[in-house]
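Take a look at the structure below.
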Amino acid sequence: MTSSPQNAASRRGLPLAAVTVGTATLLSLSGVAHADPDDLDIDELTARADELEETYDGELLQFTEIKDRVDEAEEVLVDLEERLESSRTGVSGIAAARYKSDGFDPALQIVFSSEPEDMFADAATVTYLGDSQAEQISDLIDLRDEQAEVTEELQGELSEASDLIDTLEEQREEVADRIAEYEEEQVPETPGDGSIPESAQGGGWDQTQPRMAAIRDEIIMEFGAPFPVGCWRPSADDHGDGRACDFMMSANGGAPTEANRQLGTQIADYGIANADRLGIKYIIWEQQIWQSTSRQWTYMNDRGDLTQNHYDHVHVSSY
């Protein structure tokens, strides 16, 4: 058991190695302990998500993005822990050097028995500590605080992922029933057959599934299409299944005009208002995803450009 500040002075007779190890142990208490991996395990959550793949699309996209953030946070923590270990070793050396020269000085004991958040303030009052030693202690505290922040973010992401998977598992039967109902329904005739202008017809137009084609044409007839609407393309997502279309609000990856940005919002709002009637599964617009199951917008990770973040087009997927 680590010595408390009250009885640390009584350990003066211990060997140097014991004091050094004890000091390192004391400093290690300033770090934030990781949550028990048995409680929240991203690999287990991923396996559960894989089992939901046939039922969900947009919701699993949300989980995948959380997982990416979890993986990134875990990589940062590994680096921080390595730097913390090195920093603690250096700070422990300050205590070891003092002990080796003249014993565990009471003034130095104040520094190493302080609460972590007070450690540097106390160190600054110990006049025989040089600037480099004070800087070592300051760096340790900064690393400790950064580790605490990243750990808190990581636990928050894991909790969000766990809650999402729990919810999806609870709703799986309901969603499966909804999908079956849509599959049994007679898909409405494509309202725009023969009346959609060629200027609105983008890639994969003819390979679009009937329900998505009906959604696509109704939206075009309602709002027009300032740029070609792209649908099927060879990809491992709803586009590859012919169940998604991109309603472009600009060309060549540029930012839409304000008028077209408002048009994109109108199209997204129309899709939400008519999602159940049309069989819309999810909508992505301006780095947010709306899902027919959750009925709310959720922000997505930054993918790097206007197109990947869906600022230049509205993505609509159907059941």
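Following the order of the structure tokens, chains are lettered A, B, ..., residues in each are numbered from 1, and ligands are numbered from 1.
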
Might you pull out every residue within 10 Å of Ser292 in chain A, with only C-alpha atoms counted and same-chain residues fewer than 6 positions away left off, and present them as number ranges by chain? A: 58-59, 175, 272, 275-276, 279-283

Can you list, as a short mmCIF file (atom, residue, chain, number, x, y, z; two decimals) with C-alpha atoms, in the first residue's frame, all residues belonging to range 187-291 of chain A that DSSP tags as alpha helix (DSSP H)?
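Just written: result.cif:
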```
data_model
loop_
_atom_site.label_atom_id
_atom_site.label_comp_id
_atom_site.auth_asym_id
_atom_site.auth_seq_id
_atom_site.Cartn_x
_atom_site.Cartn_y
_atom_site.Cartn_z
CA PRO A 210 -38.00 1.62 -57.64
CA ARG A 211 -38.65 3.09 -54.18
CA MET A 212 -35.58 5.32 -54.29
CA ALA A 213 -36.45 6.33 -57.86
CA ALA A 214 -39.92 7.38 -56.69
CA ILE A 215 -38.42 9.43 -53.84
CA ARG A 216 -35.87 10.99 -56.19
CA ASP A 217 -38.40 12.01 -58.81
CA GLU A 218 -40.90 13.40 -56.30
CA ILE A 219 -38.23 15.61 -54.77
CA ILE A 220 -37.08 16.83 -58.19
CA MET A 221 -40.64 17.60 -59.27
CA GLU A 222 -41.21 19.45 -55.98
CA PHE A 223 -37.98 21.47 -55.85
CA GLU A 258 -26.82 30.69 -50.14
CA ALA A 259 -29.91 30.06 -52.26
CA ASN A 260 -28.83 26.47 -52.98
CA ARG A 261 -27.85 25.90 -49.36
CA GLN A 262 -31.39 26.85 -48.36
CA LEU A 263 -32.72 24.59 -51.12
CA GLY A 264 -30.72 21.70 -49.67
CA THR A 265 -32.25 22.35 -46.25
CA GLN A 266 -35.73 22.43 -47.80
CA ILE A 267 -35.11 19.08 -49.49
CA ALA A 268 -33.84 17.55 -46.22
CA ASP A 269 -36.85 18.92 -44.32
CA TYR A 270 -39.22 17.59 -46.98
CA GLY A 271 -37.64 14.17 -46.73
CA ILE A 272 -38.08 14.18 -42.95
CA ALA A 273 -41.70 15.29 -43.16
CA ALA A 275 -40.09 9.83 -44.48
CA ASP A 276 -42.73 7.32 -43.40
CA ARG A 277 -44.87 7.76 -46.52
CA LEU A 278 -41.93 7.52 -48.92
#
```

Identify which of the residues A:Leu306, A:Leu154, A:Val314, A:Ile284 lies closest to Phe227 in chain A, counting only C-alpha atoms when measuring atom-to-atom distances.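 The answer is A:Val314, which sits nearest to Phe227 in chain A.
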
Between A:Val316, A:Ala148, A:Ile66, A:Leu84, which residue has the minimum interatomic distance to Ile289 in chain A, considering only C-alpha atoms? A:Val316
